[in-house]
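Just below is one structure, and these are the notes that go with it.
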Amino acid sequence: MAAFRSPSPGFSVPRPAAFGADPGGERMARIRRSPHFRDGVFQNPGGPARTRPSGSGTEFAKIYFDKQARLGRSPRGSVPVHATTLADIAKPPATGLRLTWMGHSSVLTEIDGQRVLFDPVWGERCSPVPFAGPKRLHPVPLPLAALGPVDVVVISHDHYDHLDMPTIKALARTDTVFAVPLGVGAHLEHWGVSPGRLRELDWHESTRVGGLTLTATPARHFCGRGLRNTQHTLWASWVVAGEEHRVYHSGDTGYFDGFHDIGAAHGPFDATMIQLGAYAEFWPDIHMTPEEGVRAHLDLHGGRPHGTLLPIHWGTFNLAPHAWAEPGEWTRDAAGEEGQAVAFPRPGEPFEPAGTLPLEPWWRAVSPPIAHPWRRPRIAEGAAGTSRGDLDLAGG
């Protein structure tokens, strides 16, 4: 393990390998030249974003550690994971585009003959240590080695629930290419990825991998893995465009006006993978609620329903005070009100956005009751994606 200097002169402590490495040399010089780097840190679009819980710490602790609320933040039984096999994903998708949500923000995207793996996290915990930190609420649908060849791995930012050192080390032994935001390449090189396999991009920069164009686009979030958060690694959403299809992966982001611009420059999209879990009133700038996630998808398409929305960043880790199943239920309601198509696959269940979408609310079989309803007091029966059963579970 490397060491880092503490504030006390002449004293150093071991630095866990999972912390990665700070950018330096030409990489740091490139960071300083970025138009998005100012006053020693990367800046968010739309102005500063609160990256730490706002409001009273006592109030946050009261809500987060409340015994009854804690029970609602985990499933009551085994999450119904789809038993993904290589046969599921070995045959090319009939429509040219297939998505397999592996849980949280990890998605295998098969697009126009190539395979893209977004934010792969196969670890048991999203943490720098194996004995503490948020633990998986369901197993990975299949071993990483059974996934088959991957053309490019895309990383949105360097937080532990999106950039997992053991997973990256395993993928480093393959010949895949890694597309990452500016500065994140320092972590990957530290873990054994050769510089020649890195495509490190600032916002609005693109790279070609085979027949795909990958573009890093803005997001409203933050970065950091170690004891010091230097804000020297960028966070990004991503556009991947093939000859016939286009997809968008939001990474982690708060809602902002930039979705309109991304859609105008790169859309329309056949599918969007949108973060809409781990939200809370204590950090509204850096994560989206289900309502905001649906709005972001519509913004990407000029305000009109289009393509398929795949909700991500929920169901796998307990990272926020909301109920475990709340993102699923509330997204169904929000999308139903807009007439927007949403896919709700079980973890590991492949689907083609242009084919039959998985729509069953699978989480209900193991969900504790949701303590408070969707934001509207009543949703009309017969609205797209809703039913009286929906209202009952949501408390409406």
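By convention in this document, the chains of the structure tokens carry letters A, B, ... by their order, each chain's residues are numbered from 1, and ligands are numbered from 1 in the order they are shown.
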message: Which residues are near Ala87 (chain A)? Cut-off 12 Å, only C-alpha atoms, ignore same chain within fewer than 2 positions. Put them as a VMD selection string.
response: chain A and resid 83 to 85 89 to 93 142 146 to 148 350
Could you take the residues named above and write them with all heavy atoms, as a compact mmCIF listing (two decimals), in the first residue's frame?
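Done, and the output landed in selection08.txt:
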```txt
# COMPACT_ATOMS: atom_id res chain seq x y z
N ALA A 83 -32.03 -15.40 -12.82
CA ALA A 83 -30.85 -16.27 -12.91
C ALA A 83 -30.23 -16.14 -14.30
O ALA A 83 -30.40 -16.99 -15.17
CB ALA A 83 -31.25 -17.72 -12.63
N THR A 84 -29.52 -15.04 -14.50
CA THR A 84 -28.92 -14.76 -15.79
C THR A 84 -27.91 -15.85 -16.15
O THR A 84 -27.11 -16.26 -15.31
CB THR A 84 -28.20 -13.41 -15.78
OG1 THR A 84 -29.04 -12.44 -15.17
CG2 THR A 84 -27.86 -12.95 -17.18
N THR A 85 -27.93 -16.29 -17.39
CA THR A 85 -26.94 -17.24 -17.89
C THR A 85 -26.28 -16.66 -19.12
O THR A 85 -26.78 -15.70 -19.72
CB THR A 85 -27.59 -18.59 -18.24
OG1 THR A 85 -28.48 -18.39 -19.36
CG2 THR A 85 -28.38 -19.15 -17.07
N ILE A 89 -27.48 -13.88 -22.84
CA ILE A 89 -26.84 -12.71 -23.45
C ILE A 89 -25.87 -13.10 -24.56
O ILE A 89 -25.17 -12.23 -25.10
CB ILE A 89 -26.11 -11.88 -22.38
CG1 ILE A 89 -25.18 -12.74 -21.54
CG2 ILE A 89 -27.12 -11.17 -21.49
CD1 ILE A 89 -24.44 -11.99 -20.46
N ALA A 90 -25.82 -14.40 -24.91
CA ALA A 90 -24.90 -14.83 -25.97
C ALA A 90 -25.49 -14.59 -27.36
O ALA A 90 -24.78 -14.23 -28.30
CB ALA A 90 -24.55 -16.30 -25.80
N LYS A 91 -26.79 -14.76 -27.49
CA LYS A 91 -27.45 -14.55 -28.78
C LYS A 91 -27.64 -13.06 -29.01
O LYS A 91 -28.12 -12.35 -28.13
CB LYS A 91 -28.81 -15.25 -28.79
CG LYS A 91 -29.53 -15.18 -30.13
CD LYS A 91 -30.84 -15.95 -30.07
CE LYS A 91 -31.57 -15.88 -31.40
NZ LYS A 91 -32.86 -16.62 -31.35
N PRO A 92 -27.24 -12.52 -30.16
CA PRO A 92 -27.39 -11.09 -30.40
C PRO A 92 -28.84 -10.63 -30.25
O PRO A 92 -29.77 -11.37 -30.59
CB PRO A 92 -26.91 -10.93 -31.85
CG PRO A 92 -26.03 -12.10 -32.11
CD PRO A 92 -26.62 -13.22 -31.31
N PRO A 93 -29.05 -9.43 -29.74
CA PRO A 93 -30.43 -8.93 -29.61
C PRO A 93 -31.08 -8.79 -30.97
O PRO A 93 -30.47 -8.30 -31.93
CB PRO A 93 -30.24 -7.57 -28.93
CG PRO A 93 -28.81 -7.19 -29.16
CD PRO A 93 -28.05 -8.47 -29.24
N LEU A 142 -24.93 -12.80 -12.00
CA LEU A 142 -24.04 -13.83 -12.52
C LEU A 142 -22.60 -13.42 -12.24
O LEU A 142 -22.32 -12.22 -12.09
CB LEU A 142 -24.25 -14.07 -14.02
CG LEU A 142 -23.62 -13.13 -15.04
CD1 LEU A 142 -23.76 -13.72 -16.44
CD2 LEU A 142 -24.24 -11.74 -15.03
N ALA A 146 -18.50 -14.83 -16.07
CA ALA A 146 -19.51 -15.42 -16.96
C ALA A 146 -20.16 -14.39 -17.86
O ALA A 146 -21.02 -14.73 -18.67
CB ALA A 146 -20.58 -16.13 -16.13
N LEU A 147 -19.74 -13.14 -17.73
CA LEU A 147 -20.37 -12.07 -18.50
C LEU A 147 -20.00 -12.13 -19.98
O LEU A 147 -20.74 -11.66 -20.84
CB LEU A 147 -19.96 -10.72 -17.91
CG LEU A 147 -20.77 -9.49 -18.28
CD1 LEU A 147 -22.21 -9.64 -17.83
CD2 LEU A 147 -20.15 -8.25 -17.64
N GLY A 148 -18.84 -12.71 -20.27
CA GLY A 148 -18.37 -12.73 -21.64
C GLY A 148 -17.59 -11.47 -21.98
O GLY A 148 -17.45 -10.57 -21.15
N PRO A 350 -32.50 -9.63 -18.90
CA PRO A 350 -32.27 -8.88 -20.14
C PRO A 350 -33.60 -8.48 -20.78
O PRO A 350 -34.59 -9.20 -20.69
CB PRO A 350 -31.51 -9.87 -21.03
CG PRO A 350 -31.10 -11.00 -20.13
CD PRO A 350 -32.10 -11.03 -19.03
```
Distance query Phe351 (chain A) at most 9 Å, only C-alpha atoms, self and fewer than 2 positions along chain excluded, as a PyMOL selection string: chain A and resi 93+97-100+343+345+349+353-358
- prompt: Could you state the separation of CA of Ala265 (chain A) and CA of Gly46 (chain A) in Å, given to one decimal place?
  reply: 18.1 Å
field: Which of region 15-260 of chain A DSSP labels strand (DSSP E or B), written as a PyMOL selection string
entry: chain A and resi 37-38+41-42+97-103+106-111+114-118+125+135+152-154+177-181+198-201+206-209+212-217+237-241+246-249
- prompt: Closest to Phe256 (chain A) among A:Arg295, A:Arg32, A:Arg225, A:Arg38, using only C-alpha atoms?
  reply: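 When distances to Phe256 (chain A) are compared using only C-alpha atoms, the smallest one comes from A:Arg295.
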Mind running region 16-58 of chain A against region 202-213 of chain A at 9 Å and telling me each contacting residue's nearest atom pair with the distance in Å (one decimal), counting only C-alpha atoms, chain and number ascending, as a Markdown table?
```
| residue | atom | partner | partner_atom | distance |
| --- | --- | --- | --- | --- |
| A:Ile31 | CA | A:Asp202 | CA | 8.5 |
| A:Ser34 | CA | A:Asp202 | CA | 7.3 |
| A:His36 | CA | A:Trp203 | CA | 8.2 |
```
Go ahead and save the picked residues with N, CA and C atoms, as a short mmCIF file (atom, residue, chain, number, x, y, z; two decimals), in the first residue's frame.
```cif
data_model
loop_
_atom_site.label_atom_id
_atom_site.label_comp_id
_atom_site.auth_asym_id
_atom_site.auth_seq_id
_atom_site.Cartn_x
_atom_site.Cartn_y
_atom_site.Cartn_z
N ILE A 31 -6.23 18.59 -16.14
CA ILE A 31 -7.34 18.98 -15.27
C ILE A 31 -7.36 20.49 -15.08
N SER A 34 -8.93 22.40 -17.84
CA SER A 34 -10.35 22.18 -18.11
C SER A 34 -11.15 23.45 -17.84
N HIS A 36 -13.97 23.50 -16.81
CA HIS A 36 -14.88 23.19 -15.71
C HIS A 36 -14.14 23.10 -14.37
#
```
- request: Find the residues around Val177 (chain A) up to 7 Å (only C-alpha atoms counted), leave out those fewer than 3 positions away in its own chain, and share them as number ranges by chain.
  value: A: 151-153, 197-198
- request: Any chance you could list, as number ranges by chain, the residues in region 216-302 of chain A that come up helix (DSSP H, G or I) when DSSP is run on the backbone?
  value: A: 258-266, 290-300
File dump, residues just selected, N, CA and C atoms, as a compact mmCIF listing (two decimals), in the first residue's frame:
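Printed below is part37.txt as written:
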```txt
# COMPACT_ATOMS: atom_id res chain seq x y z
N GLY A 258 -29.47 21.19 -17.69
CA GLY A 258 -28.61 20.65 -18.72
C GLY A 258 -29.15 19.45 -19.46
N PHE A 259 -30.16 18.78 -18.90
CA PHE A 259 -30.73 17.64 -19.62
C PHE A 259 -31.31 18.08 -20.97
N HIS A 260 -31.91 19.25 -21.02
CA HIS A 260 -32.42 19.77 -22.29
C HIS A 260 -31.30 19.86 -23.32
N ASP A 261 -30.16 20.41 -22.91
CA ASP A 261 -29.04 20.61 -23.82
C ASP A 261 -28.45 19.28 -24.29
N ILE A 262 -28.34 18.32 -23.37
CA ILE A 262 -27.81 17.01 -23.74
C ILE A 262 -28.72 16.35 -24.77
N GLY A 263 -30.02 16.41 -24.53
CA GLY A 263 -30.96 15.83 -25.48
C GLY A 263 -30.90 16.49 -26.84
N ALA A 264 -30.80 17.83 -26.85
CA ALA A 264 -30.76 18.56 -28.11
C ALA A 264 -29.50 18.23 -28.90
N ALA A 265 -28.38 18.02 -28.19
CA ALA A 265 -27.10 17.76 -28.86
C ALA A 265 -26.92 16.31 -29.28
N HIS A 266 -27.51 15.39 -28.51
CA HIS A 266 -27.18 13.98 -28.72
C HIS A 266 -28.39 13.06 -28.91
N PRO A 290 -37.76 10.07 -7.92
CA PRO A 290 -38.42 9.48 -9.08
C PRO A 290 -39.08 10.52 -9.98
N GLU A 291 -39.76 11.49 -9.40
CA GLU A 291 -40.40 12.53 -10.22
C GLU A 291 -39.36 13.28 -11.05
N GLU A 292 -38.24 13.63 -10.43
CA GLU A 292 -37.18 14.34 -11.15
C GLU A 292 -36.54 13.46 -12.20
N GLY A 293 -36.39 12.16 -11.90
CA GLY A 293 -35.82 11.25 -12.88
C GLY A 293 -36.68 11.14 -14.13
N VAL A 294 -38.00 11.06 -13.95
CA VAL A 294 -38.90 11.03 -15.10
C VAL A 294 -38.83 12.35 -15.85
N ARG A 295 -38.77 13.46 -15.12
CA ARG A 295 -38.67 14.76 -15.76
C ARG A 295 -37.37 14.87 -16.56
N ALA A 296 -36.27 14.36 -16.00
CA ALA A 296 -35.00 14.39 -16.72
C ALA A 296 -35.10 13.61 -18.03
N HIS A 297 -35.72 12.43 -17.98
CA HIS A 297 -35.91 11.64 -19.20
C HIS A 297 -36.70 12.43 -20.24
N LEU A 298 -37.78 13.08 -19.81
CA LEU A 298 -38.58 13.86 -20.75
C LEU A 298 -37.79 15.05 -21.29
N ASP A 299 -37.01 15.71 -20.43
CA ASP A 299 -36.18 16.82 -20.88
C ASP A 299 -35.22 16.38 -21.98
N LEU A 300 -34.66 15.19 -21.82
CA LEU A 300 -33.72 14.67 -22.81
C LEU A 300 -34.38 14.48 -24.17
```
query: Can you tell me, as a PyMOL selection string, what residues are no more than 7 Å from Gly307 (chain A) when counting only C-alpha atoms, ignoring any on the same chain fewer than 5 positions away?
result: chain A and resi 269-271
Exercise: Ala18 (chain A) partners within 8 Å, only C-alpha atoms, chain neighbours under 3 positions left out, as a VMD selection string: chain A and resid 128 to 129 165 225
- request: Just the residues within 9 Å of Gln231 (chain A), please, counting only C-alpha atoms, with nothing from its chain fewer than 6 positions along; format it as a PyMOL selection string.
  value: chain A and resi 40-43+222-224
For the residues in that selection, give me all heavy atoms as a PDB file, in the first residue's frame.
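File out.pdb, as written:
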```
ATOM      1  N   GLY A  40      -9.320  25.589  -7.952  1.00  0.00           N
ATOM      2  CA  GLY A  40      -8.747  24.360  -7.421  1.00  0.00           C
ATOM      3  C   GLY A  40      -9.653  23.156  -7.382  1.00  0.00           C
ATOM      4  O   GLY A  40      -9.245  22.087  -6.903  1.00  0.00           O
ATOM      5  N   VAL A  41     -10.895  23.272  -7.901  1.00  0.00           N
ATOM      6  CA  VAL A  41     -11.828  22.149  -7.878  1.00  0.00           C
ATOM      7  C   VAL A  41     -12.683  22.145  -9.143  1.00  0.00           C
ATOM      8  O   VAL A  41     -12.837  23.166  -9.805  1.00  0.00           O
ATOM      9  CB  VAL A  41     -12.765  22.201  -6.649  1.00  0.00           C
ATOM     10  CG1 VAL A  41     -11.991  22.058  -5.353  1.00  0.00           C
ATOM     11  CG2 VAL A  41     -13.577  23.492  -6.640  1.00  0.00           C
ATOM     12  N   PHE A  42     -13.241  20.984  -9.474  1.00  0.00           N
ATOM     13  CA  PHE A  42     -14.226  20.930 -10.547  1.00  0.00           C
ATOM     14  C   PHE A  42     -15.523  21.589 -10.072  1.00  0.00           C
ATOM     15  O   PHE A  42     -15.916  21.466  -8.917  1.00  0.00           O
ATOM     16  CB  PHE A  42     -14.504  19.491 -10.969  1.00  0.00           C
ATOM     17  CG  PHE A  42     -13.472  18.930 -11.906  1.00  0.00           C
ATOM     18  CD1 PHE A  42     -12.581  17.946 -11.488  1.00  0.00           C
ATOM     19  CD2 PHE A  42     -13.387  19.402 -13.208  1.00  0.00           C
ATOM     20  CE1 PHE A  42     -11.633  17.429 -12.360  1.00  0.00           C
ATOM     21  CE2 PHE A  42     -12.445  18.900 -14.087  1.00  0.00           C
ATOM     22  CZ  PHE A  42     -11.563  17.919 -13.661  1.00  0.00           C
ATOM     23  N   GLN A  43     -16.173  22.274 -11.008  1.00  0.00           N
ATOM     24  CA  GLN A  43     -17.390  23.026 -10.699  1.00  0.00           C
ATOM     25  C   GLN A  43     -18.613  22.330 -11.289  1.00  0.00           C
ATOM     26  O   GLN A  43     -18.544  21.746 -12.371  1.00  0.00           O
ATOM     27  CB  GLN A  43     -17.294  24.444 -11.277  1.00  0.00           C
ATOM     28  CG  GLN A  43     -16.079  25.224 -10.813  1.00  0.00           C
ATOM     29  CD  GLN A  43     -16.156  25.610  -9.344  1.00  0.00           C
ATOM     30  OE1 GLN A  43     -17.244  25.902  -8.829  1.00  0.00           O
ATOM     31  NE2 GLN A  43     -15.015  25.638  -8.663  1.00  0.00           N
ATOM     32  N   PHE A 222     -20.548  15.114  -7.315  1.00  0.00           N
ATOM     33  CA  PHE A 222     -19.235  15.405  -6.745  1.00  0.00           C
ATOM     34  C   PHE A 222     -18.423  14.118  -6.769  1.00  0.00           C
ATOM     35  O   PHE A 222     -18.858  13.108  -7.319  1.00  0.00           O
ATOM     36  CB  PHE A 222     -19.342  15.988  -5.327  1.00  0.00           C
ATOM     37  CG  PHE A 222     -19.850  15.020  -4.278  1.00  0.00           C
ATOM     38  CD1 PHE A 222     -19.016  14.592  -3.253  1.00  0.00           C
ATOM     39  CD2 PHE A 222     -21.165  14.568  -4.288  1.00  0.00           C
ATOM     40  CE1 PHE A 222     -19.478  13.716  -2.269  1.00  0.00           C
ATOM     41  CE2 PHE A 222     -21.639  13.703  -3.315  1.00  0.00           C
ATOM     42  CZ  PHE A 222     -20.788  13.268  -2.301  1.00  0.00           C
ATOM     43  N   CYS A 223     -17.212  14.147  -6.191  1.00  0.00           N
ATOM     44  CA  CYS A 223     -16.311  13.009  -6.309  1.00  0.00           C
ATOM     45  C   CYS A 223     -15.615  12.762  -4.980  1.00  0.00           C
ATOM     46  O   CYS A 223     -15.811  13.488  -4.009  1.00  0.00           O
ATOM     47  CB  CYS A 223     -15.286  13.265  -7.410  1.00  0.00           C
ATOM     48  SG  CYS A 223     -14.194  14.660  -7.008  1.00  0.00           S
ATOM     49  N   GLY A 224     -14.757  11.751  -4.934  1.00  0.00           N
ATOM     50  CA  GLY A 224     -13.907  11.525  -3.781  1.00  0.00           C
ATOM     51  C   GLY A 224     -13.982  10.115  -3.232  1.00  0.00           C
ATOM     52  O   GLY A 224     -15.060   9.536  -3.125  1.00  0.00           O
TER      53      GLY A 224
END
```
Length of the CA of Gln340 (chain A) to CA of His82 (chain A) vector [Å]: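 Calculated distance between CA of Gln340 (chain A) and CA of His82 (chain A) is 24.5 Å.
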